[in-house]
Structure formats: structure tokens, C-alpha cells
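Data from input-v6.csv: CSV, C-alpha atoms
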```csv
chain,number,residue,atom,x,y,z
A,171,MET,CA,6.1,-23.4,25.5
A,172,ALA,CA,4.5,-21.4,28.2
A,173,ARG,CA,1.0,-20.1,27.7
A,174,ILE,CA,0.5,-16.5,26.9
A,175,THR,CA,-1.0,-14.7,29.9
A,176,PHE,CA,-2.9,-11.4,29.8
A,177,SER,CA,-1.2,-8.7,31.9
A,178,PRO,CA,-3.5,-6.7,34.3
A,179,LEU,CA,-1.3,-3.6,33.8
A,180,THR,CA,-4.0,-1.8,31.8
A,181,PRO,CA,-7.8,-2.2,31.4
A,182,LEU,CA,-8.8,-3.8,28.1
A,183,GLU,CA,-10.7,-0.7,27.0
A,184,ALA,CA,-7.7,1.6,27.7
A,185,ILE,CA,-5.4,0.6,24.9
A,186,THR,CA,-4.2,3.5,22.7
A,187,THR,CA,-1.5,4.3,20.2
A,188,ILE,CA,2.0,4.0,21.7
A,189,ASP,CA,2.6,7.7,21.7
A,190,GLN,CA,-0.3,8.1,24.2
A,191,VAL,CA,0.6,5.3,26.5
A,192,LEU,CA,2.0,6.1,30.0
A,193,ILE,CA,4.7,3.4,30.1
A,194,PRO,CA,5.8,2.3,33.6
A,195,VAL,CA,9.4,3.0,34.3
A,196,HIS,CA,10.4,-0.6,34.5
A,197,LEU,CA,9.0,-1.2,31.0
A,198,THR,CA,10.7,1.8,29.3
A,199,GLY,CA,13.9,-0.1,28.6
A,200,VAL,CA,16.2,2.3,30.5
A,201,ASP,CA,17.5,-0.8,32.3
A,202,GLY,CA,16.7,-3.4,29.6
A,203,GLY,CA,18.4,-6.7,29.9
A,204,ASN,CA,19.5,-6.6,26.3
A,205,ARG,CA,20.8,-3.1,26.3
A,206,GLY,CA,24.2,-2.4,24.7
A,207,ARG,CA,26.9,-1.6,27.2
A,208,GLY,CA,29.4,0.1,24.8
A,209,GLN,CA,29.4,3.4,22.9
A,210,ARG,CA,26.0,4.2,21.4
A,211,GLN,CA,25.6,5.9,18.0
A,212,VAL,CA,22.1,7.3,18.9
A,213,GLN,CA,21.1,9.5,21.8
A,214,ALA,CA,18.0,7.4,22.7
A,215,ASP,CA,18.0,6.1,26.3
A,216,ASP,CA,14.7,4.3,26.2
A,217,ASP,CA,13.0,1.8,23.9
A,218,TYR,CA,10.4,4.2,22.5
A,219,SER,CA,13.0,6.9,21.7
A,220,ALA,CA,15.2,4.2,20.1
A,221,VAL,CA,12.3,3.1,17.8
A,222,LEU,CA,11.7,6.7,16.8
A,223,SER,CA,15.4,7.1,15.9
A,224,TRP,CA,15.0,4.0,13.6
A,225,LEU,CA,11.8,5.3,12.1
A,226,ALA,CA,13.3,8.7,11.4
A,227,ARG,CA,15.4,7.2,8.6
A,228,TYR,CA,12.2,6.7,6.6
A,229,ALA,CA,10.7,10.1,7.0
A,230,ASP,CA,10.9,10.8,3.3
A,231,THR,CA,9.1,7.6,2.3
A,232,PRO,CA,5.6,7.8,3.8
A,233,ALA,CA,4.4,4.3,2.8
A,234,THR,CA,7.5,2.6,4.3
A,235,LEU,CA,7.3,4.8,7.4
A,236,SER,CA,3.6,3.8,7.9
A,237,ALA,CA,4.3,0.1,7.5
A,238,TYR,CA,7.4,0.1,9.8
A,239,ARG,CA,5.7,2.2,12.5
A,240,LYS,CA,2.7,-0.1,12.5
A,241,GLU,CA,4.9,-3.2,13.2
A,242,ALA,CA,7.1,-1.4,15.8
A,243,GLU,CA,4.0,0.0,17.6
A,244,ARG,CA,2.4,-3.4,17.7
A,245,LEU,CA,5.4,-4.9,19.3
A,246,LEU,CA,5.9,-2.1,21.8
A,247,LEU,CA,2.2,-2.3,22.8
A,248,TRP,CA,2.4,-6.1,23.2
A,249,CYS,CA,5.5,-5.6,25.4
A,250,VAL,CA,3.7,-3.1,27.7
A,251,HIS,CA,0.1,-4.5,27.8
A,252,GLN,CA,0.7,-8.2,27.4
A,253,ARG,CA,4.2,-9.5,28.0
A,254,GLY,CA,5.1,-7.1,30.8
A,255,LEU,CA,8.7,-6.7,29.5
A,256,ALA,CA,10.6,-3.9,28.0
A,257,MET,CA,11.3,-4.3,24.3
A,258,SER,CA,15.1,-4.2,25.2
A,259,SER,CA,14.6,-7.1,27.6
A,260,LEU,CA,13.0,-9.5,25.0
A,261,ALA,CA,14.7,-12.8,24.5
A,262,HIS,CA,14.4,-15.3,21.7
A,263,GLU,CA,11.6,-17.2,23.5
A,264,ASP,CA,9.6,-14.0,23.9
A,265,LEU,CA,9.7,-13.4,20.2
A,266,LEU,CA,8.4,-16.9,19.6
A,267,LEU,CA,5.4,-16.0,21.7
A,268,TYR,CA,4.9,-12.8,19.8
A,269,GLU,CA,5.1,-14.7,16.5
A,270,ARG,CA,2.3,-17.0,17.8
A,271,PHE,CA,0.3,-13.9,19.0
A,272,LEU,CA,0.3,-12.5,15.5
A,273,THR,CA,-1.7,-15.5,14.2
A,274,ASP,CA,-4.6,-14.6,16.5
A,275,PRO,CA,-4.2,-11.4,18.7
A,276,GLN,CA,-6.1,-12.2,21.9
A,277,PRO,CA,-8.0,-10.9,23.8
A,278,ALA,CA,-9.7,-9.5,20.7
A,279,ALA,CA,-11.4,-6.8,22.7
A,280,ARG,CA,-8.0,-5.3,23.5
A,281,TRP,CA,-6.3,-5.8,20.2
A,282,VAL,CA,-8.7,-6.0,17.3
A,283,MET,CA,-10.9,-3.3,15.7
A,284,THR,CA,-14.6,-4.1,15.7
A,285,VAL,CA,-15.7,-1.3,13.2
A,286,ARG,CA,-15.6,-2.0,9.5
A,287,GLN,CA,-13.9,1.2,8.4
A,288,ARG,CA,-10.6,1.8,10.1
A,289,PRO,CA,-10.9,4.6,12.7
A,290,GLY,CA,-8.3,7.3,13.1
A,291,ARG,CA,-5.4,6.9,15.5
A,292,ASP,CA,-7.1,9.3,18.0
A,293,SER,CA,-10.4,7.4,18.0
A,294,PRO,CA,-11.4,5.3,21.0
A,295,HIS,CA,-12.3,2.5,18.5
A,296,TRP,CA,-8.7,2.3,17.3
A,297,ARG,CA,-6.9,-1.0,17.8
A,298,PRO,CA,-3.5,-2.2,16.5
A,299,PHE,CA,-5.0,-5.0,14.4
A,300,ALA,CA,-7.9,-5.5,12.0
A,301,GLY,CA,-7.8,-9.2,12.7
A,302,PRO,CA,-5.4,-12.2,12.6
A,303,LEU,CA,-2.4,-11.8,10.3
A,304,SER,CA,-2.1,-14.0,7.2
A,305,PRO,CA,1.1,-16.1,6.9
A,306,ALA,CA,2.5,-13.5,4.4
A,307,SER,CA,1.7,-10.6,6.7
A,308,GLN,CA,3.3,-12.5,9.6
A,309,ARG,CA,6.5,-12.9,7.6
A,310,GLN,CA,6.5,-9.3,6.6
A,311,ALA,CA,6.0,-8.2,10.3
A,312,LEU,CA,8.9,-10.3,11.5
A,313,SER,CA,11.1,-9.2,8.6
A,314,ILE,CA,10.5,-5.5,9.5
A,315,LEU,CA,11.2,-6.2,13.2
A,316,ASN,CA,14.3,-8.1,12.4
A,317,ALA,CA,15.6,-5.1,10.4
A,318,MET,CA,14.7,-2.8,13.3
A,319,PHE,CA,16.5,-5.0,15.9
A,320,SER,CA,19.6,-5.3,13.6
A,321,TRP,CA,19.8,-1.6,13.2
A,322,LEU,CA,19.5,-1.0,17.0
A,323,VAL,CA,22.3,-3.5,17.5
A,324,GLU,CA,24.4,-1.7,14.9
A,325,ALA,CA,23.6,1.6,16.7
A,326,GLY,CA,24.8,0.2,19.9
A,327,TYR,CA,21.4,0.5,21.6
A,328,LEU,CA,21.0,-3.3,21.9
A,329,ALA,CA,23.5,-6.0,22.6
A,330,GLY,CA,22.0,-8.5,20.3
A,331,ASN,CA,19.1,-9.2,18.0
A,332,PRO,CA,16.6,-11.7,19.6
A,333,LEU,CA,15.1,-12.4,16.2
A,334,SER,CA,18.3,-13.5,14.5
A,335,LEU,CA,18.0,-16.9,16.1
A,336,GLY,CA,14.7,-17.5,14.4
A,337,ARG,CA,14.3,-20.4,11.9
A,338,ARG,CA,14.9,-19.5,8.3
A,339,ARG,CA,11.8,-19.7,6.2
A,340,GLN,CA,11.6,-20.3,2.5
A,341,ARG,CA,9.7,-17.6,0.7
A,342,SER,CA,6.7,-18.7,-1.2
A,343,GLY,CA,7.3,-17.4,-4.6
A,344,PRO,CA,4.4,-19.1,-6.5
A,345,LYS,CA,1.8,-17.5,-4.2
A,346,GLN,CA,3.1,-14.1,-5.0
A,347,THR,CA,3.1,-14.6,-8.8
A,348,ASN,CA,-0.4,-16.0,-8.7
A,349,ARG,CA,-1.8,-12.9,-7.2
A,350,PHE,CA,-3.3,-11.5,-10.3
A,351,LEU,CA,-6.6,-11.6,-12.2
A,352,PRO,CA,-6.8,-13.6,-15.4
A,353,HIS,CA,-8.3,-11.7,-18.3
A,354,GLU,CA,-11.8,-13.1,-18.0
A,355,HIS,CA,-11.9,-12.2,-14.3
A,356,TRP,CA,-10.7,-8.7,-15.0
A,357,THR,CA,-13.5,-8.4,-17.6
A,358,GLU,CA,-16.0,-9.1,-14.8
A,359,VAL,CA,-14.4,-6.4,-12.6
A,360,LYS,CA,-14.7,-3.8,-15.3
A,361,ALA,CA,-18.4,-4.8,-15.8
A,362,THR,CA,-19.1,-4.1,-12.2
A,363,ILE,CA,-17.5,-0.6,-12.5
A,364,LEU,CA,-19.5,0.1,-15.7
A,365,SER,CA,-22.8,-0.8,-14.0
A,366,MET,CA,-22.3,1.4,-10.9
A,367,PRO,CA,-25.3,3.6,-10.1
A,368,ALA,CA,-25.3,7.1,-11.5
A,369,GLU,CA,-28.6,8.6,-10.4
A,370,SER,CA,-27.3,11.3,-8.0
A,371,ALA,CA,-24.4,13.8,-8.5
A,372,ARG,CA,-22.5,12.0,-5.8
A,373,GLU,CA,-22.9,8.7,-7.5
A,374,VAL,CA,-21.7,10.1,-10.8
A,375,ILE,CA,-18.6,11.5,-9.2
A,376,HIS,CA,-17.9,8.3,-7.3
A,377,GLY,CA,-18.4,6.2,-10.5
A,378,ALA,CA,-16.0,8.4,-12.5
A,379,ARG,CA,-13.5,8.4,-9.7
A,380,CYS,CA,-13.6,4.6,-9.4
A,381,ARG,CA,-13.1,4.2,-13.2
A,382,TRP,CA,-10.2,6.7,-13.1
A,383,LEU,CA,-8.6,4.9,-10.1
A,384,PHE,CA,-8.8,1.5,-11.8
A,385,SER,CA,-7.4,3.0,-15.0
A,386,LEU,CA,-4.4,4.4,-13.0
A,387,LEU,CA,-3.8,1.1,-11.3
A,388,TYR,CA,-4.1,-1.0,-14.5
A,389,ILE,CA,-2.9,1.1,-17.4
A,390,GLY,CA,-0.2,2.8,-15.4
A,391,GLY,CA,0.5,-0.1,-13.0
A,392,LEU,CA,0.9,2.5,-10.2
A,393,ARG,CA,1.3,1.7,-6.5
A,394,VAL,CA,-1.2,3.2,-4.1
A,395,SER,CA,1.6,5.3,-2.5
A,396,GLU,CA,2.4,6.7,-6.0
A,397,ILE,CA,-1.2,7.6,-6.6
A,398,ASN,CA,-1.5,9.2,-3.2
A,399,SER,CA,1.6,11.3,-3.6
A,400,SER,CA,1.3,12.4,-7.2
A,401,THR,CA,-0.5,15.4,-8.6
A,402,MET,CA,-2.2,16.1,-11.9
A,403,GLY,CA,0.6,18.5,-12.7
A,404,SER,CA,2.8,15.4,-13.0
A,405,PHE,CA,1.3,14.8,-16.5
A,406,TYR,CA,3.4,16.5,-19.2
A,407,LEU,CA,3.6,16.6,-23.0
A,408,ARG,CA,6.9,15.9,-24.8
A,409,LYS,CA,7.9,16.0,-28.5
A,410,ASP,CA,10.2,13.5,-30.1
A,411,ARG,CA,12.7,14.4,-32.9
A,412,SER,CA,10.0,13.9,-35.6
A,413,GLY,CA,7.6,16.3,-33.8
A,414,VAL,CA,5.3,13.6,-32.5
A,415,GLU,CA,3.9,14.6,-29.1
A,416,ARG,CA,3.3,12.1,-26.3
A,417,TRP,CA,1.8,12.5,-22.8
A,418,TRP,CA,3.8,11.1,-19.8
A,419,LEU,CA,3.2,10.8,-16.1
A,420,GLU,CA,6.1,11.3,-13.7
A,421,VAL,CA,5.8,9.6,-10.3
A,422,VAL,CA,8.1,9.0,-7.4
A,423,GLY,CA,8.3,5.4,-6.4
A,424,LYS,CA,10.1,3.3,-3.8
A,425,GLY,CA,13.4,4.7,-2.5
A,426,SER,CA,12.3,8.2,-3.7
A,427,LYS,CA,13.2,7.2,-7.3
A,428,SER,CA,11.5,9.1,-10.1
A,429,ARG,CA,10.3,7.4,-13.2
A,430,THR,CA,8.1,8.2,-16.2
A,431,ILE,CA,5.1,6.2,-17.2
A,432,PRO,CA,3.5,6.3,-20.7
A,433,ALA,CA,0.2,8.2,-20.4
A,434,THR,CA,-1.4,6.4,-23.2
A,435,ALA,CA,-4.3,7.8,-25.2
A,436,GLU,CA,-6.7,5.7,-23.2
A,437,LEU,CA,-5.3,7.0,-19.9
A,438,MET,CA,-5.6,10.6,-21.1
A,439,VAL,CA,-9.2,10.1,-22.1
A,440,GLU,CA,-10.0,8.8,-18.6
A,441,LEU,CA,-8.1,11.8,-17.1
A,442,VAL,CA,-10.1,14.3,-19.2
A,443,ASN,CA,-13.4,12.6,-18.3
A,444,TYR,CA,-12.7,12.5,-14.6
A,445,ARG,CA,-11.6,16.1,-14.6
A,446,LYS,CA,-14.8,17.2,-16.4
A,447,VAL,CA,-17.0,15.3,-14.0
A,448,ILE,CA,-15.5,17.1,-11.0
A,449,GLY,CA,-15.8,20.4,-12.8
A,450,MET,CA,-12.2,21.0,-13.9
A,451,PRO,CA,-10.6,22.0,-17.2
A,452,ALA,CA,-10.0,19.0,-19.5
A,453,LEU,CA,-6.2,19.0,-19.2
A,454,PRO,CA,-4.0,19.9,-16.2
A,455,SER,CA,-1.6,22.7,-16.1
A,456,ALA,CA,2.1,22.2,-15.7
A,457,ASN,CA,2.2,23.7,-12.2
A,458,GLU,CA,-1.1,22.1,-11.0
A,459,PHE,CA,-1.1,20.6,-7.5
A,460,THR,CA,-4.5,18.9,-7.7
A,461,PRO,CA,-4.1,15.3,-6.3
A,462,LEU,CA,-4.5,12.5,-8.8
A,463,VAL,CA,-7.5,11.1,-7.0
A,464,LEU,CA,-9.7,13.3,-4.8
A,465,PRO,CA,-12.3,12.8,-2.1
A,466,ILE,CA,-15.9,13.4,-3.1
A,467,ILE,CA,-15.8,16.7,-1.2
A,468,GLY,CA,-12.7,18.9,-1.3
A,469,ARG,CA,-9.7,19.2,-3.5
A,470,GLY,CA,-6.9,20.2,-1.2
A,471,LYS,CA,-5.9,16.7,-0.1
A,472,PRO,CA,-5.5,13.4,-1.9
A,473,LEU,CA,-7.9,10.6,-1.3
A,474,ALA,CA,-6.5,8.6,1.7
A,475,ARG,CA,-4.6,5.4,1.0
A,476,SER,CA,-7.0,3.5,3.2
A,477,ALA,CA,-10.0,4.9,1.1
A,478,ILE,CA,-8.3,3.7,-2.1
A,479,HIS,CA,-7.9,0.2,-0.7
A,480,GLU,CA,-11.5,0.2,0.4
A,481,ILE,CA,-12.8,1.4,-3.0
A,482,VAL,CA,-11.0,-1.5,-4.7
A,483,LYS,CA,-12.2,-4.0,-2.1
A,484,GLU,CA,-15.8,-2.8,-2.5
A,485,VAL,CA,-15.6,-3.3,-6.3
A,486,MET,CA,-14.2,-6.8,-5.8
A,487,ARG,CA,-16.9,-7.7,-3.2
A,488,ASN,CA,-19.6,-6.4,-5.5
A,489,THR,CA,-18.2,-8.4,-8.4
A,490,ALA,CA,-18.0,-11.5,-6.4
A,491,GLN,CA,-21.6,-11.0,-5.1
A,492,ARG,CA,-22.9,-10.6,-8.6
A,493,LEU,CA,-21.1,-13.7,-9.9
A,494,ARG,CA,-22.4,-15.8,-6.9
A,495,ALA,CA,-25.9,-14.8,-7.8
A,496,GLN,CA,-25.4,-16.5,-11.2
A,497,GLY,CA,-25.0,-19.9,-9.6
A,498,ALA,CA,-22.6,-22.3,-7.7
A,499,ALA,CA,-20.5,-22.7,-10.8
A,500,TRP,CA,-19.2,-19.2,-10.3
A,501,GLU,CA,-18.0,-19.7,-6.7
A,502,GLY,CA,-14.3,-20.3,-7.7
A,503,VAL,CA,-14.1,-17.2,-9.8
A,504,ALA,CA,-16.0,-15.1,-7.2
A,505,SER,CA,-13.7,-16.3,-4.4
A,506,GLN,CA,-10.5,-15.3,-6.3
A,507,ILE,CA,-11.9,-11.9,-7.2
A,508,GLU,CA,-13.1,-11.3,-3.7
A,509,ALA,CA,-9.6,-12.1,-2.4
A,510,ALA,CA,-7.9,-9.5,-4.7
A,511,SER,CA,-6.4,-6.5,-3.2
A,512,THR,CA,-5.2,-3.2,-4.6
A,513,HIS,CA,-1.7,-4.6,-5.2
A,514,TRP,CA,-3.2,-7.5,-7.2
A,515,LEU,CA,-4.1,-4.9,-9.9
A,516,ARG,CA,-0.4,-4.0,-10.3
A,517,HIS,CA,0.4,-7.7,-10.7
A,518,THR,CA,-2.5,-8.0,-13.1
A,519,ALA,CA,-1.3,-5.1,-15.2
A,520,GLY,CA,2.2,-6.5,-15.4
A,521,THR,CA,1.0,-10.0,-16.3
A,522,HIS,CA,-1.4,-8.6,-19.0
A,523,MET,CA,1.4,-6.4,-20.4
A,524,THR,CA,3.6,-9.4,-20.9
A,525,ASP,CA,0.7,-11.5,-22.2
A,526,ALA,CA,0.2,-8.9,-24.9
A,527,GLY,CA,3.8,-9.1,-26.0
A,528,LEU,CA,5.2,-6.0,-24.4
A,529,ALA,CA,8.9,-6.3,-24.0
A,530,ILE,CA,10.1,-7.2,-20.5
A,531,LYS,CA,12.4,-4.2,-20.5
A,532,SER,CA,9.4,-1.9,-21.1
A,533,VAL,CA,7.4,-3.5,-18.3
A,534,ARG,CA,10.4,-3.2,-16.0
A,535,ASP,CA,10.8,0.5,-16.8
A,536,ASN,CA,7.0,1.2,-16.6
A,537,PHE,CA,6.9,-0.4,-13.1
A,538,GLY,CA,10.2,1.0,-11.9
A,539,HIS,CA,11.6,-2.5,-11.0
A,540,ALA,CA,15.2,-1.6,-12.1
A,541,THR,CA,17.5,1.3,-11.6
A,542,ILE,CA,17.8,3.4,-14.8
A,543,SER,CA,21.4,4.1,-15.7
A,544,THR,CA,22.6,7.7,-15.6
A,545,THR,CA,23.0,8.0,-19.4
A,546,SER,CA,19.4,6.8,-20.1
A,547,ILE,CA,18.0,10.2,-19.2
A,548,TYR,CA,19.4,11.4,-22.5
A,549,VAL,CA,18.1,8.5,-24.6
A,550,HIS,CA,14.5,9.7,-25.3
A,551,SER,CA,14.2,7.5,-28.5
A,552,GLU,CA,14.0,4.4,-26.3
A,553,ASP,CA,11.3,6.0,-24.2
A,554,ASP,CA,9.3,7.0,-27.3
A,555,ALA,CA,9.4,3.4,-28.5
A,556,ARG,CA,8.3,2.2,-25.1
A,557,HIS,CA,5.4,4.7,-25.1
A,558,ASP,CA,4.3,3.5,-28.6
A,559,ALA,CA,4.6,-0.2,-27.6
A,560,THR,CA,2.7,0.3,-24.4
A,561,GLN,CA,-0.1,2.2,-26.1
A,562,ALA,CA,-0.4,-0.3,-28.9
A,563,ALA,CA,-0.2,-3.5,-26.7
A,564,HIS,CA,-1.8,-2.6,-23.4
A,565,ARG,CA,-5.4,-1.2,-23.2
A,566,ILE,CA,-8.0,-1.2,-20.5
A,567,GLY,CA,-10.7,-1.6,-23.2
A,568,TRP,CA,-13.7,0.1,-21.6
A,569,GLU,CA,-16.7,-1.1,-23.7
A,570,VAL,CA,-18.6,2.1,-23.0
A,571,GLN,CA,-16.8,5.4,-23.8
A,572,PRO,CA,-17.1,8.1,-21.3
A,573,LYS,CA,-19.9,10.6,-22.0
A,574,VAL,CA,-18.5,14.1,-22.4
A,575,VAL,CA,-19.8,16.2,-19.5
A,576,GLY,CA,-22.1,18.9,-20.7
A,577,SER,CA,-23.0,17.2,-24.0
A,578,THR,CA,-26.5,16.1,-24.9
```
Show how you would write the structure in this file as C-alpha cells.
Amino acid sequence: MARITFSPLTPLEAITTIDQVLIPVHLTGVDGGNRGRGQRQVQADDDYSAVLSWLARYADTPATLSAYRKEAERLLLWCVHQRGLAMSSLAHEDLLLYERFLTDPQPAARWVMTVRQRPGRDSPHWRPFAGPLSPASQRQALSILNAMFSWLVEAGYLAGNPLSLGRRRQRSGPKQTNRFLPHEHWTEVKATILSMPAESAREVIHGARCRWLFSLLYIGGLRVSEINSSTMGSFYLRKDRSGVERWWLEVVGKGSKSRTIPATAELMVELVNYRKVIGMPALPSANEFTPLVLPIIGRGKPLARSAIHEIVKEVMRNTAQRLRAQGAAWEGVASQIEAASTHWLRHTAGTHMTDAGLAIKSVRDNFGHATISTTSIYVHSEDDARHDATQAAHRIGWEVQPKVVGST
């Protein structure tokens, strides 16, 4: 296989997001070697426009759009800055080189961010990668690009899919199911949150927000995208036939599918505490548009998804650091906790629910893993039983109850 050479087309320090790149005409794809010659179903006449047509299909799912744009942009930038080929001229061999490139994007000065916190897309410090991709991230990237190429072929823009010749890989199921924290590890994470500093007003707010965020991720099993897109007005109270009132949280998940999650007594206590800490009434109103999790300053916009991920990683790092200080015997536990990501908490919640004996159907419905039949919107008795079962079996178990703000 030929070595990857670095194209002199653009200085290393000049790399920007794809929408800011001045692409040479011969790299735009207007005459790409893999262009479809028949009737096209899209108006796009260059590679960038064709990619935008594909991405437009996901405009109503921000998390999917962001993930797909990231992978398409990386490929387009690689084509322009490194391979010196239009995307619509890529052959199977080129994609093999790109696959190898993902394992270690070089030169790093061109491709990899050097700052710890991810800069905005308009920052001169922005780069397409935070570092080499893990095997799982490589598979995801190629899967997304394969879907993109297949759609462009179906649309008549491309003659063939250069990724379709790739070797089939078996998915590693056990690794996915092992990405959760055992109960004893989860206890250590909670201990870190409970010991967060609370000297200044900012520290108090940050600590309450962290506890609220972890409660949403664990009690509710929410995805980050669901937290980011939901409001406090999504909580609502509903009576059953016997007059018992229960709180629920309605979120919109993958595929724009709405589902209801039991807002257990524990979760409502955490909501009330968080709202009081940030100076809001204890319970939200039905038409309230306050985001579920807020930045320290400001209430108009939700806490960014990247900030949510960073808060979780910070807690995991601090937990691992505390455990390592207890001796070498804790290294294995510390390493696993340090590796945990935000989505691990969703797996952790699901695992702990089933460990506690919660019915698989209830876990499935809580997590939105299955399509709910049309008639189920009328069967509230099953929902009520699911609420009671979830509240009885699944608890976060904070050892220290939140102090009511304003009390002495």
C-alpha cells in the first residue's frame, strides 16, 4: 500500500471548517471520476453541495446531524488537504488509506486540536480531530460514510459506493454491554459528587447542577441529546383512575419519537433542590421553557452537549484520582471509572434497573428502545404500574439529602 503523503495545497496552520475552505475547482467534484452519468434526483453539482443535500435529511435530529456532519466534513477536508482528490473521485484504495488515517491523523498540527476544551468552529484552534479514533469510533465513522455514499448513489450523484467493497467486520457486542459501572464503582462516583466544594456561590450552583445532571442520566436513563433538547415544562402531573398523582417527564428521543419517563419521587426531590439553588420556584409550570440543565450564568439556552460530556468526564477523572491516592490496589477500579463516558451512565442505569428486578418491558419503555403501539397511548394503567415499579426498584440513593435552600 502506498504511503500517505501530505499535500502542499494548504499551509498546515490554515485548516478551517469545510464551509470556509476555498476548494480548487479540480477538487470540487464537478468532474469527479465516480460521478453518476444518468438522471440525478438532487440538484447538487459538486461534492460539498451533495453532502449538504444528504445532511438536510437530518435537520430535525440535531444529535444525528452533528455526528454525520462531523464525519462528512473530516472526509471532505482529507480529500482537499491531504489526498488531493475530489470526494467523487475516491476509489476503494483511497478509502483504505482514509481508514488508516483515522487511526492516527497526521500531521497532528494540521488535524488534531491541542487545547483541552473543544474550541468553537470559528476558532483558529479548531481542528477536525481531538486525537486518534478508537476502533469503535473508526467503525462508526466508516458506517456513517457508507450510508452517505449509498444515498449519493441512490440519488444518482455517484456511480458507485467505494466503501461497499470494504471487508465486513463483526461487531463487538460484549464490549458494548460491558460499558457500565458496577454498583460499587457507581457508589464511588456518587461519593465524589457529594464531596464537591461548596464554599462560593458558584461552587454551590455547580455542585447542585452536577448532582441534578447525574440524577437525570441515572434515574431517567436520558441521552445527552434528550437532556439538551428538553425543558422543565416537560414535567407534568397525571392522575390515575384511583386519584393517585404521579409526575412524568416527556422527552423526544431518536427518530423524533416522544416517550414518557417516570419522574420518581427521588428525581422530583432533585429537581426541586436544583431549581431552588438557582433561584427558581420549586416546581416548573406547564408552559415553562427553562432548559433541564443550565449554564452557571444565563437561563435562555441549555448547557451545551460538550459541556455535559466534560462535567461527566471531570467527575470520573476526580473519582479515579481519589481512588488511586488510596493505593495501587485501586488502579483497576480507577481505570474503569476514568474510561467511563456520559453514555456509560445510560448503560449503567439500564443494568442496575434489571439488577433490581425491574421488568424488561419497563426498562425498554423507559429507555425508548422499542416502538410503542398506537393503542398503548390509551393504556395508562400499564404506565402507572411501570411508574410504581420504577420508583420502588430503582433509586439513586444519595446518602445526604439536599439542604432546602433558605432553611437554617
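The residue set within 8 Å of segment 308-323 of chain A, counting all atoms listed in the file and dropping same-chain residues fewer than 2 places from it, reads Gly206, Ala220, Val221, Trp224, Tyr238, Glu241, Ala242, Glu269, Leu272, Thr273, Leu303, Ser304, Pro305, Ala306, Ala325, Gly326, Tyr327, Leu328, Ala329, Gly330, Asn331, Pro332, Leu333 and Ser334 of chain A.
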Env of Pro451 of chain A: 9 Å cut, atoms = all atoms listed in the file, seq-sep filter 4 positions within chain, self excluded. Answer as a list in words.
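Neighbouring residues, sequence-local ones excluded: Val442, Arg445 and Lys446 of chain A.
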Rank A:Thr512, A:Thr521, A:Thr234, A:Ser385 by their smallest atom-to-atom distance to Phe537 of chain A, using all atoms listed in the file, and report the top residue only.
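Of A:Thr512, A:Thr521, A:Thr234, A:Ser385, the one nearest Phe537 of chain A, counting all atoms listed in the file, is A:Thr521.
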Applying 12 Å and only C-alpha atoms, which residues near Ile530 of chain A remain after dropping the ones on its own chain fewer than 3 positions away? List them as an NGL selection string.
:A and (520-527 or 533-540 or 556 or 559-560)
Determine, counting all atoms listed in the file, which protein, DNA and RNA residues have an atom within 9 Å of an atom of segment 482-485 of chain A; residues of the same chain fewer than 5 positions away are not included. Present the result as a list in words.
Val359, Thr362, Ile363, Cys380, Leu383, Phe384, Ala477, Ala490, Glu508, Ala509, Ala510, Ser511 and Thr512 of chain A
Contacts of segment 292-298 of chain A at 6 Å (only C-alpha atoms; same-chain gap of 4+ positions) as a VMD selection string
chain A and resid 281 to 283
Nearest to Lys427 of chain A: which of A:His262, A:Arg280, A:Thr231, A:His251 is it, counting all atoms listed in the file?
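For Lys427 of chain A, the nearest of the candidates is A:Thr231.
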Mind pulling up the distance from atom CA of Glu354 of chain A to atom CA of Pro367 of chain A?
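Separation of atom CA of Pro367 of chain A and atom CA of Glu354 of chain A: 22.9 Å.
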How many Å separate atom CA of Asn457 of chain A from atom CA of Arg429 of chain A?
18.2 Å
Per-axis box centre and lengths in Å around segment 395-405 of chain A, 8 Å margin per side, axis-aligned, as AutoDock Vina command-line options:
```
--center_x 0.3 --center_y 11.9 --center_z -9.5 --size_x 21.0 --size_y 29.2 --size_z 30.0
```
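Nearest residue to Leu255 of chain A, choosing from A:Arg227, A:His196, A:Arg239, A:Lys409 and counting only C-alpha atoms: A:His196.
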Which one is closest to Gly202 of chain A: A:Ser236, A:Ser258, A:Ser412, A:Thr518? Count only C-alpha atoms.
A:Ser258
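Take the candidates A:Leu351, A:Ile375, A:Leu419, A:Ala226 and check each one against Val212 of chain A using all atoms listed in the file; the shortest distance goes to A:Ala226.
From atom CA of Ala237 of chain A back to atom CA of Ala300 of chain A, the distance works out to 14.2 Å.
Distances from A:Ala519, A:Ala562, A:Ala529, A:Leu335 to Glu436 of chain A were compared using all atoms listed in the file, and the smallest one belongs to A:Ala562.
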Can you put N, CA and C atoms back into segment 398-409 of chain A and show it as an mmCIF file, in the coordinates of the input?
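As a result, selection-v4.cif now contains:
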```
data_model
loop_
_atom_site.group_PDB
_atom_site.id
_atom_site.type_symbol
_atom_site.label_atom_id
_atom_site.label_comp_id
_atom_site.auth_asym_id
_atom_site.auth_seq_id
_atom_site.Cartn_x
_atom_site.Cartn_y
_atom_site.Cartn_z
ATOM 1 N N ASN A 398 -1.222 8.280 -4.327
ATOM 2 C CA ASN A 398 -1.500 9.200 -3.200
ATOM 3 C C ASN A 398 -0.561 10.377 -3.184
ATOM 4 N N SER A 399 0.662 10.225 -3.674
ATOM 5 C CA SER A 399 1.600 11.300 -3.600
ATOM 6 C C SER A 399 1.804 12.118 -4.849
ATOM 7 N N SER A 400 1.169 11.709 -5.945
ATOM 8 C CA SER A 400 1.300 12.400 -7.200
ATOM 9 C C SER A 400 0.213 13.424 -7.439
ATOM 10 N N THR A 401 0.474 14.383 -8.298
ATOM 11 C CA THR A 401 -0.500 15.400 -8.600
ATOM 12 C C THR A 401 -0.820 15.345 -10.129
ATOM 13 N N MET A 402 -1.890 16.030 -10.524
ATOM 14 C CA MET A 402 -2.200 16.100 -11.900
ATOM 15 C C MET A 402 -1.234 16.896 -12.739
ATOM 16 N N GLY A 403 -0.501 17.754 -12.050
ATOM 17 C CA GLY A 403 0.600 18.500 -12.700
ATOM 18 C C GLY A 403 1.743 17.601 -13.087
ATOM 19 N N SER A 404 1.704 16.326 -12.651
ATOM 20 C CA SER A 404 2.800 15.400 -13.000
ATOM 21 C C SER A 404 2.629 14.865 -14.429
ATOM 22 N N PHE A 405 1.490 15.131 -15.063
ATOM 23 C CA PHE A 405 1.300 14.800 -16.500
ATOM 24 C C PHE A 405 2.032 15.900 -17.311
ATOM 25 N N TYR A 406 2.752 15.500 -18.327
ATOM 26 C CA TYR A 406 3.400 16.500 -19.200
ATOM 27 C C TYR A 406 3.484 15.967 -20.613
ATOM 28 N N LEU A 407 3.598 16.901 -21.557
ATOM 29 C CA LEU A 407 3.600 16.600 -23.000
ATOM 30 C C LEU A 407 5.078 16.762 -23.483
ATOM 31 N N ARG A 408 5.545 15.795 -24.279
ATOM 32 C CA ARG A 408 6.900 15.900 -24.800
ATOM 33 C C ARG A 408 6.942 15.481 -26.258
ATOM 34 N N LYS A 409 7.697 16.243 -27.048
ATOM 35 C CA LYS A 409 7.900 16.000 -28.500
ATOM 36 C C LYS A 409 9.101 15.108 -28.708
#
```
